[in-house]
Structures are given as C-alpha cells and as structure tokens.
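Chemist: What follows is structure.tsv, TSV, C-alpha atoms and all ligand atoms.
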chain	number	residue	atom	x	y	z
A	162	MET	CA	-20.71	46.45	-80.28
A	163	ALA	CA	-21.73	50.10	-80.86
A	164	ALA	CA	-21.67	52.38	-77.81
A	165	PRO	CA	-25.21	52.51	-76.37
A	166	SER	CA	-26.74	55.97	-76.14
A	167	ALA	CA	-30.40	55.35	-75.22
A	168	PRO	CA	-30.91	55.45	-71.41
A	169	ASP	CA	-32.30	51.90	-71.22
A	170	ALA	CA	-29.42	50.52	-73.27
A	171	ILE	CA	-26.92	52.24	-70.94
A	172	ARG	CA	-28.64	50.73	-67.90
A	173	ASP	CA	-28.72	47.33	-69.54
A	174	VAL	CA	-25.01	47.31	-70.35
A	175	ASN	CA	-24.28	48.43	-66.77
A	176	VAL	CA	-26.31	45.56	-65.33
A	177	ARG	CA	-24.66	43.00	-67.60
A	178	TYR	CA	-21.12	44.23	-66.98
A	179	HIS	CA	-21.46	44.63	-63.22
A	180	ASP	CA	-23.24	41.27	-62.83
A	181	LEU	CA	-20.29	39.60	-64.57
A	182	ALA	CA	-17.75	41.63	-62.57
A	183	ALA	CA	-19.34	41.20	-59.12
A	184	ASP	CA	-17.60	38.00	-57.97
A	185	THR	CA	-14.07	39.23	-58.67
A	186	TYR	CA	-14.69	42.95	-58.15
A	187	ASP	CA	-13.06	43.32	-54.70
A	188	ALA	CA	-9.96	41.43	-55.74
A	189	LYS	CA	-9.64	43.33	-59.03
A	190	TRP	CA	-9.83	46.77	-57.39
A	191	GLY	CA	-8.03	45.87	-54.15
A	192	ILE	CA	-11.13	46.67	-52.06
A	193	ASP	CA	-10.49	46.18	-48.38
A	194	TYR	CA	-12.82	46.16	-45.36
A	195	GLY	CA	-10.14	46.30	-42.68
A	196	PRO	CA	-8.35	49.33	-41.21
A	197	SER	CA	-6.78	50.33	-44.55
A	198	GLY	CA	-10.14	50.28	-46.39
A	199	GLN	CA	-11.71	52.32	-43.62
A	200	ALA	CA	-8.85	54.84	-43.70
A	201	GLN	CA	-9.26	55.20	-47.49
A	202	VAL	CA	-12.99	55.83	-47.30
A	203	LEU	CA	-12.74	58.18	-44.30
A	204	GLY	CA	-10.03	60.13	-46.13
A	205	LYS	CA	-12.32	60.63	-49.13
A	206	LEU	CA	-15.26	61.65	-46.96
A	207	ARG	CA	-13.08	64.13	-45.08
A	208	LYS	CA	-11.81	65.65	-48.33
A	209	ALA	CA	-15.33	65.97	-49.72
A	210	LEU	CA	-16.90	67.46	-46.58
A	211	GLY	CA	-13.93	69.33	-45.15
A	212	ALA	CA	-14.46	67.47	-41.85
A	213	ILE	CA	-16.46	64.43	-40.79
A	214	ALA	CA	-19.27	65.25	-38.41
A	215	GLY	CA	-21.67	62.36	-37.89
A	216	PRO	CA	-22.47	59.77	-36.92
A	217	TYR	CA	-25.20	59.88	-39.56
A	218	HIS	CA	-28.27	57.97	-38.52
A	219	ARG	CA	-29.83	56.84	-41.80
A	220	ALA	CA	-27.59	56.67	-44.89
A	221	LEU	CA	-28.43	55.68	-48.45
A	222	GLU	CA	-25.77	54.66	-50.94
A	223	ILE	CA	-26.54	54.43	-54.65
A	224	GLY	CA	-24.43	52.27	-56.98
A	225	ALA	CA	-23.05	50.69	-53.82
A	226	GLY	CA	-21.38	47.78	-55.65
A	227	THR	CA	-19.90	45.27	-53.21
A	228	GLY	CA	-20.18	47.73	-50.30
A	229	TYR	CA	-16.79	49.49	-50.31
A	230	PHE	CA	-18.11	52.80	-48.96
A	231	SER	CA	-21.04	51.90	-46.72
A	232	LEU	CA	-19.54	48.82	-45.08
A	233	ASN	CA	-16.33	50.68	-44.26
A	234	LEU	CA	-18.25	53.71	-42.96
A	235	MET	CA	-20.42	51.49	-40.77
A	236	GLN	CA	-17.36	49.80	-39.31
A	237	ALA	CA	-15.76	53.19	-38.69
A	238	GLY	CA	-18.90	54.28	-36.80
A	239	VAL	CA	-19.77	57.10	-39.22
A	240	ILE	CA	-23.06	55.53	-40.39
A	241	GLU	CA	-25.54	53.92	-38.00
A	242	GLU	CA	-28.08	52.42	-40.47
A	243	ALA	CA	-27.12	51.72	-44.08
A	244	THR	CA	-29.42	51.23	-47.05
A	245	CYS	CA	-27.41	50.18	-50.09
A	246	THR	CA	-28.82	50.13	-53.63
A	247	ASP	CA	-27.40	49.09	-56.96
A	248	ILE	CA	-28.83	48.42	-60.41
A	249	SER	CA	-26.92	45.11	-60.65
A	250	PRO	CA	-28.44	42.13	-58.81
A	251	GLY	CA	-25.00	40.45	-58.85
A	252	MET	CA	-23.46	43.39	-56.99
A	253	VAL	CA	-26.30	43.45	-54.43
A	254	GLU	CA	-25.72	39.72	-53.77
A	255	ALA	CA	-21.97	40.31	-53.34
A	256	LEU	CA	-22.69	43.21	-50.96
A	257	ARG	CA	-25.01	41.05	-48.86
A	258	GLY	CA	-22.27	38.40	-48.66
A	259	ASN	CA	-19.65	40.98	-47.59
A	260	ALA	CA	-22.01	42.48	-44.98
A	261	ALA	CA	-22.79	39.03	-43.55
A	262	GLY	CA	-19.07	38.18	-43.43
A	263	LEU	CA	-18.43	41.37	-41.44
A	264	GLY	CA	-21.42	40.82	-39.16
A	265	LEU	CA	-23.15	44.00	-40.38
A	266	GLU	CA	-26.88	44.45	-40.93
A	267	VAL	CA	-27.62	46.31	-44.14
A	268	ASP	CA	-30.79	46.87	-46.15
A	269	ALA	CA	-29.47	45.99	-49.64
A	270	ARG	CA	-31.77	46.34	-52.65
A	271	VAL	CA	-31.71	46.37	-56.42
A	272	ALA	CA	-32.73	49.89	-57.53
A	273	GLU	CA	-32.04	52.32	-60.34
A	274	ALA	CA	-30.61	55.64	-59.13
A	275	GLN	CA	-33.40	57.73	-60.58
A	276	GLU	CA	-36.25	55.52	-59.29
A	277	LEU	CA	-35.54	54.99	-55.61
A	278	PRO	CA	-38.12	52.94	-53.68
A	279	PHE	CA	-38.00	55.19	-50.59
A	280	ALA	CA	-40.22	57.82	-49.01
A	281	ASP	CA	-39.52	61.55	-49.30
A	282	ARG	CA	-37.07	62.92	-46.69
A	283	ALA	CA	-36.07	59.43	-45.49
A	284	PHE	CA	-32.26	59.85	-45.15
A	285	ASP	CA	-29.72	62.03	-43.33
A	286	LEU	CA	-26.91	61.25	-45.76
A	287	VAL	CA	-26.96	60.14	-49.40
A	288	LEU	CA	-23.68	59.01	-50.88
A	289	GLY	CA	-21.98	57.20	-53.71
A	290	HIS	CA	-18.54	56.27	-55.03
A	291	ALA	CA	-17.70	55.95	-58.74
A	292	VAL	CA	-21.32	55.81	-59.82
A	293	LEU	CA	-22.46	59.16	-61.28
A	294	HIS	CA	-20.48	58.60	-64.48
A	295	HIS	CA	-22.67	55.55	-65.25
A	296	LEU	CA	-26.03	57.34	-64.98
A	297	PRO	CA	-27.82	58.17	-68.23
A	298	ASP	CA	-29.93	61.03	-66.82
A	299	LEU	CA	-28.04	62.90	-64.11
A	300	ALA	CA	-30.66	65.62	-63.65
A	301	ALA	CA	-33.36	63.01	-62.95
A	302	ALA	CA	-31.08	61.14	-60.54
A	303	PHE	CA	-30.17	64.30	-58.61
A	304	GLY	CA	-33.86	65.20	-58.36
A	305	GLU	CA	-34.46	61.79	-56.80
A	306	LEU	CA	-31.53	62.14	-54.38
A	307	HIS	CA	-32.89	65.52	-53.30
A	308	ARG	CA	-36.35	64.02	-52.76
A	309	VAL	CA	-35.18	61.23	-50.42
A	310	LEU	CA	-32.88	63.47	-48.32
A	311	LYS	CA	-34.15	65.22	-45.19
A	312	PRO	CA	-33.89	69.00	-45.18
A	313	GLY	CA	-30.40	69.79	-43.90
A	314	GLY	CA	-29.21	66.34	-45.09
A	315	LEU	CA	-25.89	65.86	-46.88
A	316	LEU	CA	-25.03	64.57	-50.31
A	317	VAL	CA	-21.52	63.18	-50.92
A	318	PHE	CA	-19.97	61.62	-54.00
A	319	ALA	CA	-16.36	60.58	-54.56
A	320	GLY	CA	-14.40	58.81	-57.25
A	321	GLU	CA	-16.02	60.51	-60.24
A	322	PRO	CA	-13.72	60.76	-63.27
A	323	SER	CA	-12.75	64.27	-64.32
A	324	ARG	CA	-12.63	65.07	-68.02
A	325	TRP	CA	-9.07	66.44	-67.94
A	326	GLY	CA	-7.90	63.80	-65.52
A	327	ASP	CA	-9.26	61.15	-67.86
A	328	LEU	CA	-7.42	62.64	-70.85
A	329	LEU	CA	-4.16	62.95	-68.91
A	330	ALA	CA	-4.46	59.33	-67.76
A	331	GLU	CA	-4.18	58.24	-71.42
A	332	VAL	CA	-0.43	59.00	-71.23
A	333	PRO	CA	0.45	56.36	-68.60
A	334	LYS	CA	-2.08	53.92	-70.11
A	335	ARG	CA	-0.57	54.08	-73.60
A	336	SER	CA	3.00	54.09	-72.33
A	337	ALA	CA	2.28	51.00	-70.23
A	338	LEU	CA	0.83	49.17	-73.22
A	339	LEU	CA	4.01	49.84	-75.21
A	340	LEU	CA	6.21	48.73	-72.33
A	341	ALA	CA	4.16	45.65	-71.42
A	342	PRO	CA	6.35	43.02	-73.21
A	343	LEU	CA	9.46	44.39	-71.49
A	344	TRP	CA	7.69	44.48	-68.13
A	345	ARG	CA	6.49	40.87	-68.45
A	346	ARG	CA	10.01	39.73	-69.20
A	347	ALA	CA	11.43	41.74	-66.28
A	348	VAL	CA	9.01	40.33	-63.69
A	349	GLY	CA	8.75	36.86	-65.29
A	350	ALA	CA	4.98	37.03	-65.91
A	351	PRO	CA	3.55	35.00	-68.85
A	352	ALA	CA	1.45	36.86	-71.45
A	353	LEU	CA	-2.30	36.52	-71.10
A	354	ASN	CA	-3.68	33.78	-73.33
A	355	GLY	CA	-6.66	32.33	-71.47
A	356	HIS	CA	-9.50	34.35	-73.01
A	357	GLY	CA	-12.55	32.65	-71.47
A	358	VAL	CA	-15.95	33.61	-72.94
A	359	ALA	CA	-17.08	35.42	-69.78
A	360	HIS	CA	-13.81	37.36	-69.60
A	361	ALA	CA	-14.01	38.49	-73.23
A	362	GLU	CA	-17.61	39.60	-72.78
A	363	GLU	CA	-16.69	41.50	-69.61
A	364	ASN	CA	-13.86	43.33	-71.39
A	365	GLU	CA	-16.15	44.26	-74.28
A	366	LEU	CA	-18.92	45.55	-71.97
A	367	GLU	CA	-16.42	47.50	-69.83
A	368	ARG	CA	-15.78	49.81	-72.77
A	369	HIS	CA	-19.42	50.95	-72.74
A	370	VAL	CA	-20.41	51.38	-69.10
A	371	ASP	CA	-18.95	54.87	-68.55
A	372	VAL	CA	-21.11	57.61	-70.04
A	373	HIS	CA	-19.63	60.78	-68.48
A	374	ALA	CA	-16.37	62.37	-67.45
A	375	PHE	CA	-16.95	65.67	-65.63
A	376	ALA	CA	-15.58	69.17	-65.39
A	377	PRO	CA	-15.99	70.38	-61.78
A	378	GLY	CA	-18.56	72.93	-62.99
A	379	ASP	CA	-20.75	70.15	-64.50
A	380	LEU	CA	-21.21	68.54	-61.09
A	381	GLU	CA	-21.76	71.88	-59.40
A	382	ARG	CA	-24.44	72.86	-61.91
A	383	VAL	CA	-26.40	69.61	-61.73
A	384	ALA	CA	-26.42	69.74	-57.91
A	385	ARG	CA	-27.55	73.38	-57.77
A	386	ALA	CA	-30.21	72.82	-60.44
A	387	ALA	CA	-31.69	70.00	-58.31
A	388	GLY	CA	-32.02	72.40	-55.34
A	389	PHE	CA	-28.85	71.72	-53.30
A	390	ASP	CA	-26.79	74.47	-51.68
A	391	GLN	CA	-23.34	74.59	-50.05
A	392	VAL	CA	-22.06	72.78	-53.13
A	393	ARG	CA	-18.32	72.13	-53.34
A	394	VAL	CA	-16.26	70.08	-55.75
A	395	ARG	CA	-12.71	68.93	-55.00
A	396	GLY	CA	-10.15	66.96	-57.00
A	397	GLU	CA	-7.99	64.08	-55.77
A	398	GLU	CA	-5.29	61.74	-57.07
A	399	LEU	CA	-2.95	62.66	-59.85
A	400	LEU	CA	0.39	60.85	-59.46
A	401	ALA	CA	-1.29	57.93	-57.68
A	402	ASN	CA	-3.70	57.58	-60.52
A	403	TRP	CA	-1.08	57.62	-63.26
A	404	PHE	CA	0.86	54.97	-61.36
A	405	GLY	CA	-2.30	52.93	-60.72
A	406	TRP	CA	-3.44	53.01	-64.36
A	407	ALA	CA	0.00	52.14	-65.72
A	408	ASN	CA	0.18	49.12	-63.41
A	409	ARG	CA	-3.37	48.02	-64.17
A	410	VAL	CA	-2.64	48.12	-67.92
A	411	LEU	CA	0.61	46.16	-67.47
A	412	GLU	CA	-1.08	43.57	-65.26
A	413	ALA	CA	-3.99	43.14	-67.69
A	414	THR	CA	-1.54	41.84	-70.32
A	415	ALA	CA	-0.34	38.95	-68.11
A	416	GLU	CA	-1.87	35.78	-66.72
A	417	PRO	CA	-3.06	36.89	-63.25
A	418	GLU	CA	-1.57	33.87	-61.42
A	419	GLY	CA	1.80	34.51	-63.09
A	420	ILE	CA	2.25	38.02	-61.63
A	421	PRO	CA	4.74	37.81	-58.74
A	422	MET	CA	3.49	38.74	-55.25
A	423	ALA	CA	6.48	41.08	-54.81
A	424	TRP	CA	5.22	43.10	-57.80
A	425	ARG	CA	1.72	43.29	-56.36
A	426	ARG	CA	3.11	44.51	-53.02
A	427	TYR	CA	5.21	47.14	-54.79
A	428	ALA	CA	2.19	48.32	-56.84
A	429	TYR	CA	-0.02	48.53	-53.74
A	430	HIS	CA	2.44	50.34	-51.48
A	431	GLY	CA	3.61	52.60	-54.32
A	432	TYR	CA	0.01	53.63	-54.94
A	433	LEU	CA	-0.53	54.45	-51.25
A	434	ALA	CA	2.70	56.46	-51.07
A	435	LEU	CA	1.74	58.51	-54.13
A	436	GLN	CA	-1.76	59.03	-52.74
A	437	ARG	CA	-0.11	60.61	-49.67
A	438	ALA	CA	2.05	62.81	-51.91
A	439	ASP	CA	-1.03	63.91	-53.89
A	440	ALA	CA	-2.97	64.73	-50.73
A	441	GLY	CA	-0.10	66.42	-48.90
A	442	VAL	CA	1.41	68.42	-51.74
A	443	LEU	CA	-0.69	68.68	-54.90
A	444	GLU	CA	-4.39	68.65	-53.98
A	445	GLY	CA	-4.32	71.94	-52.10
A	446	ARG	CA	-2.33	73.71	-54.80
A	447	LEU	CA	-3.59	72.61	-58.23
A	448	PRO	CA	-7.06	73.11	-59.79
A	449	ALA	CA	-9.62	70.34	-59.19
A	450	ALA	CA	-10.08	69.81	-62.95
A	451	ILE	CA	-6.68	68.19	-63.54
A	452	PHE	CA	-7.04	65.48	-60.90
A	453	TYR	CA	-8.40	62.10	-61.94
A	454	ASN	CA	-11.17	61.90	-59.36
A	455	LEU	CA	-13.71	64.52	-58.39
A	456	LEU	CA	-15.52	64.70	-55.05
A	457	LEU	CA	-18.82	66.50	-54.62
A	458	ALA	CA	-20.47	67.59	-51.38
A	459	ALA	CA	-23.75	69.49	-51.07
A	460	ARG	CA	-26.59	70.09	-48.64
A	461	LYS	CA	-30.34	70.03	-49.02
A	462	PRO	CA	-31.48	73.41	-47.64
A	463	ARG	CA	-33.54	73.34	-44.41
A	501	LIG	C1	-17.68	51.49	-60.62
A	501	LIG	S1	-18.90	50.62	-59.72
A	501	LIG	C2	-18.65	51.29	-58.09
A	501	LIG	C3	-19.19	50.39	-57.03
A	501	LIG	C4	-18.92	50.88	-55.60
A	501	LIG	N1	-19.58	52.14	-55.35
A	501	LIG	C5	-17.45	50.99	-55.35
A	501	LIG	O1	-16.95	52.11	-55.23
A	501	LIG	O2	-16.77	49.96	-55.29
A	501	LIG	C6	-20.41	51.41	-60.21
A	501	LIG	C7	-21.64	50.78	-59.63
A	501	LIG	O3	-22.76	51.56	-60.06
A	501	LIG	C8	-23.82	50.68	-60.41
A	501	LIG	N2	-24.72	51.37	-61.37
A	501	LIG	C9	-24.50	51.60	-62.68
A	501	LIG	N3	-25.55	52.24	-63.22
A	501	LIG	C10	-26.46	52.42	-62.23
A	501	LIG	C11	-27.75	53.00	-62.16
A	501	LIG	N4	-28.33	53.54	-63.25
A	501	LIG	N5	-28.41	53.00	-60.98
A	501	LIG	C12	-27.84	52.46	-59.89
A	501	LIG	N6	-26.61	51.88	-59.88
A	501	LIG	C13	-25.92	51.86	-61.04
A	501	LIG	C14	-23.11	49.49	-61.00
A	501	LIG	O4	-23.91	48.33	-61.03
A	501	LIG	C15	-21.89	49.38	-60.10
A	501	LIG	O5	-22.09	48.52	-59.01
What would you get if you wrote out this structure as structure tokens?
Ligand SMILES: C[S@@+](CC[C@H](N)C(=O)[O-])C[C@H]1O[C@@H](n2cnc3c(N)ncnc32)[C@H](O)[C@@H]1O
Modeler:
Amino acid sequence: MAAPSAPDAIRDVNVRYHDLAADTYDAKWGIDYGPSGQAQVLGKLRKALGAIAGPYHRALEIGAGTGYFSLNLMQAGVIEEATCTDISPGMVEALRGNAAGLGLEVDARVAEAQELPFADRAFDLVLGHAVLHHLPDLAAAFGELHRVLKPGGLLVFAGEPSRWGDLLAEVPKRSALLLAPLWRRAVGAPALNGHGVAHAEENELERHVDVHAFAPGDLERVARAAGFDQVRVRGEELLANWFGWANRVLEATAEPEGIPMAWRRYAYHGYLALQRADAGVLEGRLPAAIFYNLLLAARKPR
C-alpha cells in the first residue's frame, strides 16, 4: 500500500486503522482509568500548563480514542462536563463503553477535527492526546479549535511526536529487533506465528496513520497563526520512551499469551521509573526538541 497523501485518504486510513484497533487499544497501550491513569494524565496536564487550575466546566476532546484523557480528568475532578469526539466510530463506541463502566456521563460523537458540530465559543477547555500528528490539515483544525473555544479558554495537547525524538527512537527500535530472538529465548516466549487477517491489515494500516512529527516551533507557529496567545511547547519522555519502544518491539515479535507476566510487570514499572527520571532530571535541562513527546498549551485571547 502506498502512503496516502490526499486529506481524504489520510482520514480514511485513520478510520480503518482505529476502528480495527479500538477493541484492544487499552490493553495494547496499558491505558488505565484508576489512580495510576489519573496520575499520568494529571502529570501531563500540569507539565503543559505549568499548573492545573480548573475545574473546567465544559471540555471538548478531539481524537479522544477510548477516553484516556477525558475520562481520567473527569474522575480527577478537573473536568465537569466532557464532550469527546473522534473520527473513528469504533473508538467512540469503545469510549462510550468505558464511560458507562466508570459511571460517567459523556457526550461522545463521531466528528472530524476540522469540522466540529458545535457552536462558536462553546467550550472552556479544548484538549487532545496523540492526535495532531494524524490530522491532514493542521491549520484548518486549529482554526476550528479556536472557533469553538470561549475567549480566555485554554487549548492543551500532549503526546505529540517530536521530529528529533522520533529519529532518536529508531535506535532502540532497531536494536530491539536485532535482539528479539535472544530476548524470546531468555524469557521463554514463543515467536509470533498467528497472523490473522485482521491483525495483518492493522499492522499494514498502522504504517500510514501518522502524517506529522513536529519541531516545537511548528506547533507554536500553527497555534499563533490560528489566533492563540500565551503559546508554550514543552518536551517530555526520553529514557522512558526508548525503554518503552524497545520493549514494544520485542513484545511484538512474540505470541502475546506467551509473554511472561513477570516481564510485563518489569516493563511497566521500568517505564514508570524512567518517566520519573525524565521528569525529575532531564525535562527541565534539555531542549524540548529532543524529547519524544511534545506538549502544547495556548490561550484564546479575551
Ligand atoms: C493515537 S490515537 C489517541 C487516542 C486517545 N487520544 C489516547 O490518547 O488514547 C489517535 C486518535 O485520533 C483519532 N483521529 C485520527 N484522525 C482524526 C481526525 N482527522 N479527526 C478526529 N480524530 C482523528 C483516531 O481515530 C484515534 O482515536
């Protein structure tokens, strides 16, 4: 399959991939809606904004997926009313299921980021996690986000891949691929051989859903051009990300049920420990551009 470049083709591949991924998405990415998920999301919001004010009365999330950000922020009391949108009907269904399971009321709708079915100045906070890099026309999307925010309202994005961070992450990814046979032998995990049709299609589509990796200045420029002020871009996760990618590549070469629980616990706790090291030592000292994830915060002027 050739990489799609026309906006509609990019949207289409995103819908197909995320519809296929929706059912297993939380398990694949270790998404949690308990205290640890809330702490993760609050940590990202605090980094992006400097401090968490709130509670925010009406919040809109775009590319909300299964609800990682909004559902955790509602439970933490940071958001009072959540409207969650996503281009993938499968993701919106999964989000509704998660919200119901947690006893939360959410307005969840299928919507494209640059055509939001909401009135002007409807929200106090507009947010997203790991979504901007999928959008074919960022300028149009930011114009729409500006339109639906109230004057003085806040815009927050986290989890956007940085261009340098993405390049640097190739090192652990490639090393892990080389080491995978040794790793499987060491932990006793059988090599992956069950290539179901859906799985193969999902892997093929996954290669085409990301259309941007950003320099911090790219995000700053697109936000300012749409009319936002108080724009700031931060970087997060370096060591944690290398560790996470290496483990994800290793694990993808084995049958999932054959990976020992002790390994999964080590990978999870190791990731959290390195996240703390990144936040405590590296993030305040190194330039945003070299981290794997970028965070953007901005305000719509009053
Ligand atoms: C990497 S997932 C992140 C999901 C969720 N925010 C999270 O952090 O778990 C990206 C999400 O963006 C959605 N998406 C992709 N393109 C979109 C578009 N043009 N408009 C709205 N949502 C889009 C996908 O369907 C997917 O659910």
Chemist: Suppose you want the space between atom CA of Val287 of chain A and atom CA of Leu315 of chain A; what is it in Å?
Modeler: 6.3 Å
Chemist: Can you measure atom CA of Pro462 of chain A to atom CA of Gly388 of chain A for me? One decimal in Å is fine.
Modeler: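 So the answer is 7.8 Å.
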Chemist: Of the residues A:Val383, A:Ile240, A:Leu286, A:Ile451, which is the one nearest to Ala301 of chain A, using all atoms listed in the file?
Modeler: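 Among the listed residues, the smallest separation from Ala301 of chain A belongs to A:Val383.
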Chemist: Please put the answer as AutoDock Vina command-line options: centre and edge lengths, in Å with one decimal, of a box along x, y and z that encloses all listed atoms of ligand LIG 501 (chain A) plus 6 Å on each side.
Modeler:
--center_x -22.6 --center_y 50.9 --center_z -59.2 --size_x 23.6 --size_y 17.2 --size_z 20.0
Chemist: Rounded to one decimal, what separation in Å do you get between atom CA of Ala350 of chain A and atom CA of Tyr427 of chain A?
Modeler: 15.0 Å
Chemist: Please provide as a PyMOL selection string all residues within 8 Å of segment 401-410 of chain A, with the sequence filter that same-chain residues fewer than 5 positions apart are discarded (counting all atoms listed in the file).
Modeler: chain A and resi 330+333-334+336-338+428+431-436+439+453
Chemist: Find the residues around segment 261-272 of chain A up to 6 Å (only C-alpha atoms counted), leave out those fewer than 5 positions away in its own chain, and share them as a PyMOL selection string.
Modeler: chain A and resi 243-248+250
Chemist: Leaving out Pro448 of chain A and any residue of its chain fewer than 4 positions from it, which residues lie within 8 Å of it when counting all atoms listed in the file, given as a PyMOL selection string?
Modeler: chain A and resi 396+444+452
Chemist: For each of A:Trp344, A:Ala374, A:Ala280, A:Pro216, take the minimum atom-to-atom distance to Leu310 of chain A, counting all atoms listed in the file, then give the residue where this is smallest.
Modeler: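 Checking each of A:Trp344, A:Ala374, A:Ala280, A:Pro216 against Leu310 of chain A, counting all atoms listed in the file, the winner is A:Ala280.
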Chemist: At a cut-off of 7 Å, can you tabulate as CSV every residue of chain A near ligand LIG 501 (chain A) together with its closest atom pair and the distance in Å to one decimal, using all atoms listed in the file and ordering rows by chain then number?
Modeler:
residue,atom,partner,partner_atom,distance
A:Arg172,CA,A:LIG501,N4,5.4
A:Asn175,CA,A:LIG501,C9,5.2
A:Val176,CA,A:LIG501,O4,5.7
A:His179,CA,A:LIG501,O4,4.9
A:Ile223,CA,A:LIG501,C12,5.7
A:Gly224,CA,A:LIG501,O3,3.6
A:Ala225,CA,A:LIG501,N1,4.1
A:Gly226,CA,A:LIG501,O5,3.5
A:Thr227,CA,A:LIG501,O2,6.0
A:Gly228,CA,A:LIG501,C4,6.3
A:Tyr229,CA,A:LIG501,O2,5.0
A:Phe230,CA,A:LIG501,O1,6.4
A:Thr246,CA,A:LIG501,C12,6.8
A:Asp247,CA,A:LIG501,N6,4.1
A:Ile248,CA,A:LIG501,N6,4.1
A:Ser249,CA,A:LIG501,O4,4.4
A:Met252,CA,A:LIG501,O5,5.7
A:Ala272,CA,A:LIG501,C12,6.0
A:Glu273,CA,A:LIG501,N5,3.7
A:Ala274,CA,A:LIG501,N5,3.9
A:Gln275,CA,A:LIG501,N5,6.9
A:Gly289,CA,A:LIG501,N1,5.8
A:His290,CA,A:LIG501,N1,4.3
A:Ala291,CA,A:LIG501,C2,4.8
A:Val292,CA,A:LIG501,O3,4.5
A:His295,CA,A:LIG501,N3,4.8
A:Leu296,CA,A:LIG501,N4,4.8
A:Pro297,CA,A:LIG501,N4,6.8
Chemist: Just want the 8 Å neighbourhood of segment 187-201 of chain A, counted on all atoms listed in the file, with same-chain residues fewer than 6 positions away dropped. Output as a PDB file with C-alpha atoms, keeping the file's coordinate frame.
Modeler:
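Written out: around16.pdb:
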ATOM      1  CA  THR A 227     -19.900  45.270 -53.210  1.00  0.00           C
ATOM      2  CA  TYR A 229     -16.790  49.490 -50.310  1.00  0.00           C
ATOM      3  CA  LEU A 232     -19.540  48.820 -45.080  1.00  0.00           C
ATOM      4  CA  ASN A 233     -16.330  50.680 -44.260  1.00  0.00           C
ATOM      5  CA  LEU A 234     -18.250  53.710 -42.960  1.00  0.00           C
ATOM      6  CA  GLN A 236     -17.360  49.800 -39.310  1.00  0.00           C
ATOM      7  CA  ALA A 237     -15.760  53.190 -38.690  1.00  0.00           C
TER       8      ALA A 237
END
Chemist: Enumerate, as JSON, numbers by chain, the protein, DNA and RNA residues whose atoms approach (-24.9, 56.8, -74.0) to within 8 Å, taking into account all atoms listed in the file and the coordinate frame of the file.
Modeler: {"A": [164, 165, 166, 167, 168, 170, 171, 297, 372]}
Chemist: If we count only C-alpha atoms and set the cut-off at 10 Å, which residues sit around Arg308 of chain A, ignoring sequence neighbours fewer than 3 positions away in its own chain? Please answer as a list in words.
Modeler: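 Residues meeting the cut-off are Leu277, Phe279, Ala280, Asp281, Arg282, Ala283, Phe284, Ala302, Phe303, Gly304, Glu305, Lys311, Pro312, Ala387, Gly388 and Lys461 of chain A.
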